[in-house]
Structures are given as structure tokens and as C-alpha cells.
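K.L.:
Next comes the structure file query23.txt, holding compact mmCIF, C-alpha atoms and all ligand atoms.
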# COMPACT_ATOMS: atom_id res chain seq x y z
CA MET A 1 47.24 -217.14 -94.54
CA GLU A 2 47.17 -213.37 -94.20
CA LYS A 3 50.59 -211.78 -94.08
CA LYS A 4 51.75 -209.99 -90.97
CA LYS A 5 52.47 -206.30 -91.50
CA VAL A 6 55.43 -204.14 -90.58
CA ALA A 7 55.51 -200.34 -90.90
CA TRP A 8 58.86 -198.99 -92.09
CA GLY A 9 59.34 -195.26 -91.62
CA ILE A 10 62.09 -193.40 -93.50
CA THR A 11 63.04 -189.91 -92.31
CA GLY A 12 65.11 -187.30 -94.15
CA SER A 13 68.48 -188.84 -93.39
CA GLY A 14 71.00 -189.44 -96.16
CA ASP A 15 73.34 -191.21 -93.77
CA ARG A 16 73.17 -194.99 -94.40
CA LEU A 17 69.98 -194.60 -96.43
CA ILE A 18 71.31 -196.61 -99.38
CA GLU A 19 72.56 -199.41 -97.09
CA THR A 20 69.23 -199.51 -95.24
CA VAL A 21 67.25 -199.84 -98.47
CA GLU A 22 69.54 -202.70 -99.55
CA VAL A 23 69.05 -204.54 -96.23
CA MET A 24 65.30 -204.04 -96.40
CA LYS A 25 65.22 -205.55 -99.89
CA GLU A 26 67.02 -208.62 -98.49
CA VAL A 27 64.59 -208.77 -95.57
CA LYS A 28 61.65 -208.53 -97.95
CA ARG A 29 62.99 -211.40 -100.05
CA ALA A 30 63.65 -213.52 -96.96
CA TYR A 31 60.23 -213.00 -95.41
CA GLU A 32 58.16 -212.49 -98.58
CA ASP A 33 55.70 -215.31 -97.77
CA GLU A 34 54.87 -214.15 -94.26
CA VAL A 35 55.44 -210.42 -94.00
CA GLU A 36 54.27 -207.33 -95.87
CA VAL A 37 56.43 -204.23 -95.37
CA LYS A 38 54.65 -200.90 -95.85
CA VAL A 39 56.80 -197.82 -96.39
CA TYR A 40 56.07 -194.40 -94.86
CA LEU A 41 58.19 -191.37 -95.72
CA SER A 42 58.42 -188.17 -93.72
CA LYS A 43 58.20 -185.04 -95.93
CA ALA A 44 61.96 -184.65 -95.67
CA GLY A 45 62.27 -188.40 -96.19
CA GLU A 46 60.57 -188.08 -99.57
CA LEU A 47 62.94 -185.28 -100.54
CA VAL A 48 66.06 -187.18 -99.48
CA VAL A 49 64.90 -190.45 -101.08
CA LYS A 50 64.42 -188.57 -104.37
CA TYR A 51 67.78 -186.86 -103.92
CA TYR A 52 69.43 -190.30 -103.67
CA LYS A 53 67.30 -191.56 -106.61
CA LEU A 54 65.77 -194.36 -104.54
CA LEU A 55 62.05 -193.72 -105.04
CA ASN A 56 61.65 -196.11 -108.01
CA ASP A 57 63.62 -198.78 -106.17
CA LEU A 58 61.30 -198.47 -103.17
CA ASN A 59 58.21 -198.51 -105.39
CA GLU A 60 59.31 -201.58 -107.30
CA ASN A 61 60.12 -203.52 -104.15
CA PHE A 62 57.50 -202.36 -101.64
CA GLY A 63 54.54 -201.18 -103.73
CA LYS A 64 52.67 -198.04 -102.79
CA ILE A 65 54.78 -195.58 -100.80
CA PHE A 66 52.94 -193.42 -98.26
CA VAL A 67 54.15 -189.84 -97.79
CA GLU A 68 53.55 -187.62 -94.75
CA LYS A 69 50.85 -184.99 -95.06
CA GLY A 70 50.53 -184.41 -91.32
CA PRO A 71 50.94 -186.20 -87.97
CA ASN A 72 47.80 -188.29 -88.56
CA SER A 73 47.83 -188.43 -92.34
CA PRO A 74 48.28 -191.08 -93.56
CA PHE A 75 46.67 -192.61 -90.46
CA LEU A 76 49.65 -194.73 -89.43
CA ALA A 77 49.42 -193.84 -85.74
CA GLY A 78 45.82 -195.10 -85.58
CA GLN A 79 46.63 -198.29 -87.44
CA LEU A 80 49.52 -199.00 -85.09
CA GLN A 81 47.27 -198.48 -82.10
CA MET A 82 44.65 -200.82 -83.64
CA GLY A 83 47.27 -203.57 -83.83
CA LYS A 84 47.52 -203.64 -87.64
CA PHE A 85 51.32 -203.83 -87.49
CA GLU A 86 53.69 -206.12 -85.58
CA PHE A 87 56.08 -203.21 -85.03
CA LEU A 88 57.24 -199.85 -86.30
CA LEU A 89 60.76 -199.55 -87.69
CA ILE A 90 62.20 -196.09 -88.35
CA ALA A 91 65.43 -196.37 -90.30
CA PRO A 92 67.35 -194.22 -90.80
CA THR A 93 66.07 -191.76 -88.18
CA THR A 94 67.19 -188.12 -88.29
CA SER A 95 68.39 -186.33 -85.16
CA ASN A 96 65.22 -184.24 -85.59
CA THR A 97 62.83 -187.20 -85.29
CA VAL A 98 64.93 -188.81 -82.53
CA ALA A 99 64.74 -185.58 -80.51
CA LYS A 100 60.98 -185.31 -81.01
CA ILE A 101 60.30 -188.86 -79.85
CA SER A 102 62.70 -188.46 -76.93
CA LEU A 103 60.87 -185.29 -75.80
CA GLY A 104 57.36 -186.60 -76.55
CA VAL A 105 56.74 -184.15 -79.39
CA ALA A 106 54.20 -185.87 -81.66
CA ASP A 107 53.80 -183.27 -84.39
CA SER A 108 55.07 -185.17 -87.43
CA LEU A 109 53.96 -188.44 -89.03
CA LEU A 110 56.78 -190.60 -87.71
CA SER A 111 57.28 -188.99 -84.28
CA ASN A 112 53.52 -189.18 -83.69
CA SER A 113 53.36 -192.78 -84.92
CA ALA A 114 56.24 -193.83 -82.68
CA ILE A 115 54.77 -192.20 -79.58
CA MET A 116 51.26 -193.54 -80.25
CA ALA A 117 52.66 -197.03 -80.93
CA LEU A 118 54.47 -196.95 -77.58
CA LYS A 119 51.28 -195.92 -75.81
CA ALA A 120 49.61 -199.00 -77.32
CA PHE A 121 52.47 -201.38 -76.36
CA VAL A 122 53.61 -201.80 -79.99
CA PRO A 123 57.42 -202.08 -80.21
CA VAL A 124 59.35 -199.31 -81.97
CA TYR A 125 62.79 -199.94 -83.53
CA ILE A 126 64.87 -196.87 -84.23
CA MET A 127 68.12 -196.64 -86.18
CA PRO A 128 69.45 -193.14 -85.45
CA SER A 129 71.67 -191.37 -87.92
CA ASP A 130 73.53 -189.78 -84.99
CA TYR A 131 74.41 -192.73 -82.81
CA GLU A 132 77.84 -192.05 -81.31
CA GLU A 133 79.58 -188.76 -80.53
CA GLY A 134 82.46 -187.89 -82.84
CA THR A 135 82.82 -187.37 -86.56
CA ILE A 136 81.47 -189.46 -89.40
CA VAL A 137 82.03 -189.45 -93.13
CA THR A 138 78.81 -189.85 -95.05
CA LYS A 139 78.29 -190.28 -98.82
CA LEU A 140 76.63 -187.59 -100.89
CA PRO A 141 74.37 -188.73 -103.76
CA ASP A 142 77.14 -187.86 -106.26
CA GLY A 143 79.55 -190.17 -104.41
CA ARG A 144 81.57 -187.46 -102.69
CA ASP A 145 82.35 -187.78 -98.95
CA LEU A 146 80.94 -185.33 -96.40
CA ARG A 147 82.50 -185.06 -92.93
CA LEU A 148 80.00 -184.33 -90.15
CA ARG A 149 80.11 -183.81 -86.41
CA ILE A 150 77.78 -185.98 -84.27
CA ARG A 151 76.75 -183.65 -81.46
CA LYS A 152 76.59 -184.82 -77.87
CA GLU A 153 73.11 -183.29 -77.56
CA ASP A 154 71.83 -185.61 -80.30
CA VAL A 155 73.51 -188.63 -78.74
CA GLU A 156 71.88 -187.76 -75.39
CA HIS A 157 68.46 -188.04 -77.06
CA VAL A 158 69.42 -191.47 -78.39
CA ARG A 159 70.43 -192.54 -74.85
CA LYS A 160 67.11 -191.33 -73.51
CA LEU A 161 65.26 -193.29 -76.18
CA ALA A 162 67.27 -196.41 -75.37
CA GLY A 163 65.94 -196.24 -71.82
CA MET A 164 62.31 -195.94 -72.92
CA ASP A 165 59.95 -198.86 -72.46
CA GLY A 166 59.20 -200.41 -75.86
CA VAL A 167 61.97 -198.64 -77.79
CA PHE A 168 64.87 -200.63 -79.26
CA ILE A 169 67.86 -198.83 -80.73
CA LEU A 170 69.57 -200.31 -83.78
CA GLU A 171 73.20 -199.41 -84.34
CA GLY A 172 73.21 -200.03 -88.09
CA PRO A 173 71.26 -201.52 -91.03
CA GLU A 174 72.67 -205.00 -90.32
CA ASP A 175 70.68 -205.09 -87.05
CA ILE A 176 67.40 -204.89 -88.98
CA LEU A 177 67.56 -208.52 -90.03
CA LYS A 178 67.83 -209.60 -86.39
CA VAL A 179 64.61 -207.73 -85.65
CA PHE A 180 62.73 -209.65 -88.35
CA ASP A 181 64.32 -212.92 -87.17
CA LYS A 182 63.20 -212.17 -83.63
CA HIS A 183 59.60 -211.48 -84.64
CA PHE A 184 59.03 -213.89 -87.52
CA ARG A 185 61.61 -216.67 -87.63
CA THR A 186 60.11 -220.02 -86.76
CA ALA A 187 62.24 -222.62 -85.00
CA ALA A 188 61.88 -225.06 -87.88
CA ARG A 189 62.78 -222.71 -90.68
CA ARG A 190 65.44 -220.15 -91.35
CA PRO A 191 65.64 -218.22 -94.59
CA GLN A 192 68.43 -219.51 -96.85
CA ASN A 193 68.62 -216.67 -99.34
CA ILE A 194 70.12 -214.08 -97.02
CA ARG A 195 73.66 -213.18 -96.01
CA ARG A 196 74.32 -213.65 -92.30
CA GLU A 197 77.51 -213.89 -90.29
CA ASP A 198 75.91 -215.83 -87.48
CA GLN A 199 74.09 -218.80 -88.91
CA GLY A 200 73.77 -220.45 -85.50
CA ASP A 201 72.43 -219.06 -82.25
CA PRO A 202 71.14 -215.57 -83.12
CA SER A 203 72.43 -214.16 -79.86
CA ALA A 204 75.91 -215.72 -80.22
CA SER A 205 77.65 -212.77 -81.86
CA THR A 206 75.70 -209.86 -80.47
CA SER A 207 77.09 -207.24 -78.13
CA SER A 208 75.57 -206.65 -74.71
CA ARG A 209 73.91 -203.51 -76.11
CA ASP A 210 71.72 -205.38 -78.53
CA GLN A 211 70.96 -208.38 -76.33
CA SER A 212 67.54 -206.85 -75.78
CA LEU A 213 67.01 -206.91 -79.54
CA VAL A 214 67.40 -210.63 -79.92
CA SER A 215 66.25 -211.96 -76.55
C1 LIG A 301 70.22 -184.61 -98.72
C2 LIG A 301 69.92 -184.46 -97.25
C3 LIG A 301 70.49 -185.37 -96.36
C4 LIG A 301 70.24 -185.24 -94.98
N1 LIG A 301 70.83 -186.13 -94.13
C5 LIG A 301 70.58 -186.06 -92.80
C6 LIG A 301 71.16 -187.01 -91.91
O1 LIG A 301 71.90 -187.91 -92.30
N2 LIG A 301 70.87 -186.91 -90.59
C7 LIG A 301 70.03 -185.93 -90.10
O2 LIG A 301 69.79 -185.91 -88.88
N3 LIG A 301 69.48 -185.00 -90.93
C8 LIG A 301 69.72 -185.04 -92.26
N4 LIG A 301 69.17 -184.12 -93.12
C9 LIG A 301 68.34 -183.04 -92.55
C10 LIG A 301 66.88 -183.50 -92.31
O3 LIG A 301 66.29 -183.94 -93.52
C11 LIG A 301 66.06 -182.35 -91.67
O4 LIG A 301 66.53 -182.11 -90.36
C12 LIG A 301 64.55 -182.61 -91.67
O5 LIG A 301 63.89 -181.52 -91.07
C13 LIG A 301 64.22 -183.88 -90.92
O6 LIG A 301 62.81 -184.11 -90.93
P1 LIG A 301 62.22 -185.53 -90.49
O7 LIG A 301 62.89 -185.90 -89.21
O8 LIG A 301 60.75 -185.27 -90.31
O9 LIG A 301 62.46 -186.48 -91.60
C14 LIG A 301 69.41 -184.20 -94.49
C15 LIG A 301 68.83 -183.31 -95.40
C16 LIG A 301 69.09 -183.42 -96.76
C17 LIG A 301 68.47 -182.43 -97.72
Any chance you could put this one into C-alpha cells?
P.N.:
Amino acid sequence: MEKKKVAWGITGSGDRLIETVEVMKEVKRAYEDEVEVKVYLSKAGELVVKYYKLLNDLNENFGKIFVEKGPNSPFLAGQLQMGKFEFLLIAPTTSNTVAKISLGVADSLLSNSAIMALKAFVPVYIMPSDYEEGTIVTKLPDGRDLRLRIRKEDVEHVRKLAGMDGVFILEGPEDILKVFDKHFRTAARRPQNIRREDQGDPSASTSSRDQSLVS
């Protein structure tokens, strides 16, 4: 049986990058038999992944890594529109890429791919780095903490995306597993080799915000 494919886009966001890679490795293990995850890095994504020394980890776990040359190179947008992928996941997503998708600016690999996927009724899951107004403390590659302001302008773009047909906003890396469960889990089988808080009804412990994710 041919595996189903998922496109995973990584933008140039250091915030929760390490946690996201860890969750995606779990997801890959859990769905290894049915799903192939292909990784696409924005140009800044490549830089940040190298900065956090994660490129080898990604290579070892996900095979060939595709790096942005332009909005249509590699030709992810076209492949999404041709139905080659079940969905596009962008995690983590910089405020830059969130703003572009929110405004319909399709001039980079991942903003273009998201917008073209939406035009072709392919779902797009976005985990923004700037989710809630306030301050966050993020980890630098050397382990030091960095305090950052989440601007209301960036959060407004996230809100606009949340209201878009076909876009689903993920609050954190832990939501990613629910997305794979929603698309690929069969009633008869649930992966045993993954950590989950809610082993029963997948919607039992979700907030009203992410009901759409699991319904
Ligand atoms: C080490 C590093 C970490 C960064 N972390 C973030 C981040 O957490 N969130 C964010 O919005 N931008 C972050 N940036 C800035 C983005 O990489 C930058 O805005 C870039 O233009 C985004 O391009 P992209 O959206 O095409 O990936 C970071 C940059 C560097 C060098």
C-alpha cells in the first residue's frame, strides 16, 4: 500500500522549534507504516535549523530535506494543488509567514504553498510562533533565555488566519499529534508507542478553540 504524504514546512522560528522536531519524530514513529512526512524549509528556516543544530536530526529521521529557492521551487504549491499531500503543516510559523498568508502575499515557498493549498481545498495547519499577546521567554541555541514581546499586530494576523476557510491554528507542538490522529487514525487501531494524555475520546480534553481540529 502506498503511503499517504504530508508536507511539513518549517519557517525561521527558533521558538518551540526543538519541541516541534521532537513531536514530529514521535508522530513519524507512530504513523511510520501509513504516512510519509516530507520536510520543506524556508530560507530562514534552513538558517535557524542549522543554528539550533537540528539539520542532521531532520535528515536522519525524514530523509531528503527540501530548501526554498523561490515561491515555486521546490514545486510544493503545485504538488499540493495536484492532491499529492493530505495536508500542509507549517510548524513553527514565523510572524512573517503568518502575516503573508493572512494578507494573501504568496511570494515565499511556504506562504505560496499555503495559499495555493487553500485554493485547492487542501487543509493547512499553522502553529504560529506569536500566538498570544504578552511576553514569552524563548530558549537560545546556547541554552540562555530570551524575553520577547508578542505584538498585538502579529496576534491579529493569527486571528484572521483562524477565521479563514481551510486553515486550522495549532496552539503548540502537542496539538500536532491530534492532527495526525484526525487524518490517519483508524477506529480499530491506535498507536501504542506514543505519549498521550487523553487515551480515550480524542475530543475529551480539548478546549473549545481546538474542537475544529479534532471534529
Ligand atoms: C536564530 C533565529 C531565531 C528566530 N526566531 C524567530 C521566532 O521565533 N519567531 C519569528 O517570528 N521570527 C524569528 N526569527 C526571524 C525570522 O527568521 C525572520 O523574520 C525571517 O525573515 C522569516 O522568514 P520565513 O517566514 O520565510 O521563514 C528568528 C531568526 C533567527 C536568526
K.L.:
In Å, rounded to a single decimal, give me how far atom C14 of ligand LIG 301 (chain A) is from atom CA of Gly166 of chain A.
P.N.:
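Distance reported for this atom pair: 26.7 Å.
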K.L.:
Looking at A:Asp57, A:Glu86, A:Glu132, A:Glu46, which one is nearest to ligand LIG 301 (chain A), with distances taken over all atoms listed in the file?
P.N.:
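Smallest distance to ligand LIG 301 (chain A) is found for A:Glu46.
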K.L.:
Enumerate, as JSON, numbers by chain, the protein, DNA and RNA residues whose atoms approach (83.7, -190.0, -93.3) to within 9 Å, taking into account all atoms listed in the file and the coordinate frame of the file.
P.N.:
{"A": [135, 136, 137, 138, 139, 145, 146, 147, 148]}
K.L.:
Output the selection as a PDB file, keeping the file's coordinate frame - C-alpha atoms for each residue.
P.N.:
ATOM      1  CA  THR A 135      82.820-187.370 -86.560  1.00  0.00           C
ATOM      2  CA  ILE A 136      81.470-189.460 -89.400  1.00  0.00           C
ATOM      3  CA  VAL A 137      82.030-189.450 -93.130  1.00  0.00           C
ATOM      4  CA  THR A 138      78.810-189.850 -95.050  1.00  0.00           C
ATOM      5  CA  LYS A 139      78.290-190.280 -98.820  1.00  0.00           C
ATOM      6  CA  ASP A 145      82.350-187.780 -98.950  1.00  0.00           C
ATOM      7  CA  LEU A 146      80.940-185.330 -96.400  1.00  0.00           C
ATOM      8  CA  ARG A 147      82.500-185.060 -92.930  1.00  0.00           C
ATOM      9  CA  LEU A 148      80.000-184.330 -90.150  1.00  0.00           C
TER      10      LEU A 148
END
K.L.:
With only C-alpha atoms and all ligand atoms counted and 6 Å as the cut-off, give the residues of chain A in contact with ligand LIG 301 (chain A), each with its shortest interatomic distance in Å and the pair that gives it, as a tab-separated table.
P.N.:
residue	atom	partner	partner_atom	distance
A:Thr11	CA	A:LIG301	O9	3.6
A:Gly12	CA	A:LIG301	O3	3.6
A:Ser13	CA	A:LIG301	C5	3.5
A:Gly14	CA	A:LIG301	N1	3.9
A:Asp15	CA	A:LIG301	O1	3.9
A:Ser42	CA	A:LIG301	O9	4.9
A:Ala44	CA	A:LIG301	O9	4.5
A:Gly45	CA	A:LIG301	O9	5.0
A:Val48	CA	A:LIG301	C1	4.9
A:Thr94	CA	A:LIG301	O2	3.5
A:Ser95	CA	A:LIG301	O2	4.0
A:Asn96	CA	A:LIG301	O7	4.6
A:Thr97	CA	A:LIG301	O7	4.1
A:Ser129	CA	A:LIG301	N2	5.3
K.L.:
Find the spatial neighbours of Phe87 of chain A, counting only C-alpha atoms, within a cut-off of 7 Å - ignore same-chain residues fewer than 3 positions away - and output them as number ranges by chain.
P.N.:
A: 6-7, 122-124
K.L.:
Quick one: pull the distance between atom CA of Met82 of chain A and atom CA of Phe62 of chain A, Å, one decimal.
P.N.:
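These atoms are spaced 22.2 Å apart.
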K.L.:
Between A:Pro141, A:Glu2, A:Leu109, A:Thr93, which is the closest to Lys50 of chain A once you count only C-alpha atoms?
P.N.:
A:Pro141
K.L.:
Of the residues A:Met127, A:Ile115, A:Val105, A:Ala162, which is the one nearest to Ile90 of chain A, using only C-alpha atoms?
P.N.:
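Checking each candidate against Ile90 of chain A, we get A:Met127 as the closest.
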K.L.:
For Val98 of chain A, which of A:Ile169, A:Val37, A:Leu54, A:Leu47 is the closest residue, counting all atoms listed in the file?
P.N.:
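For Val98 of chain A, the nearest of the candidates is A:Ile169.
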K.L.:
At what distance in Å, to one decimal, does atom CA of Ile150 of chain A lie from atom CA of Ala91 of chain A?
P.N.:
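Taking atom CA of Ala91 of chain A as the start and atom CA of Ile150 of chain A as the end point, the length is 17.2 Å.
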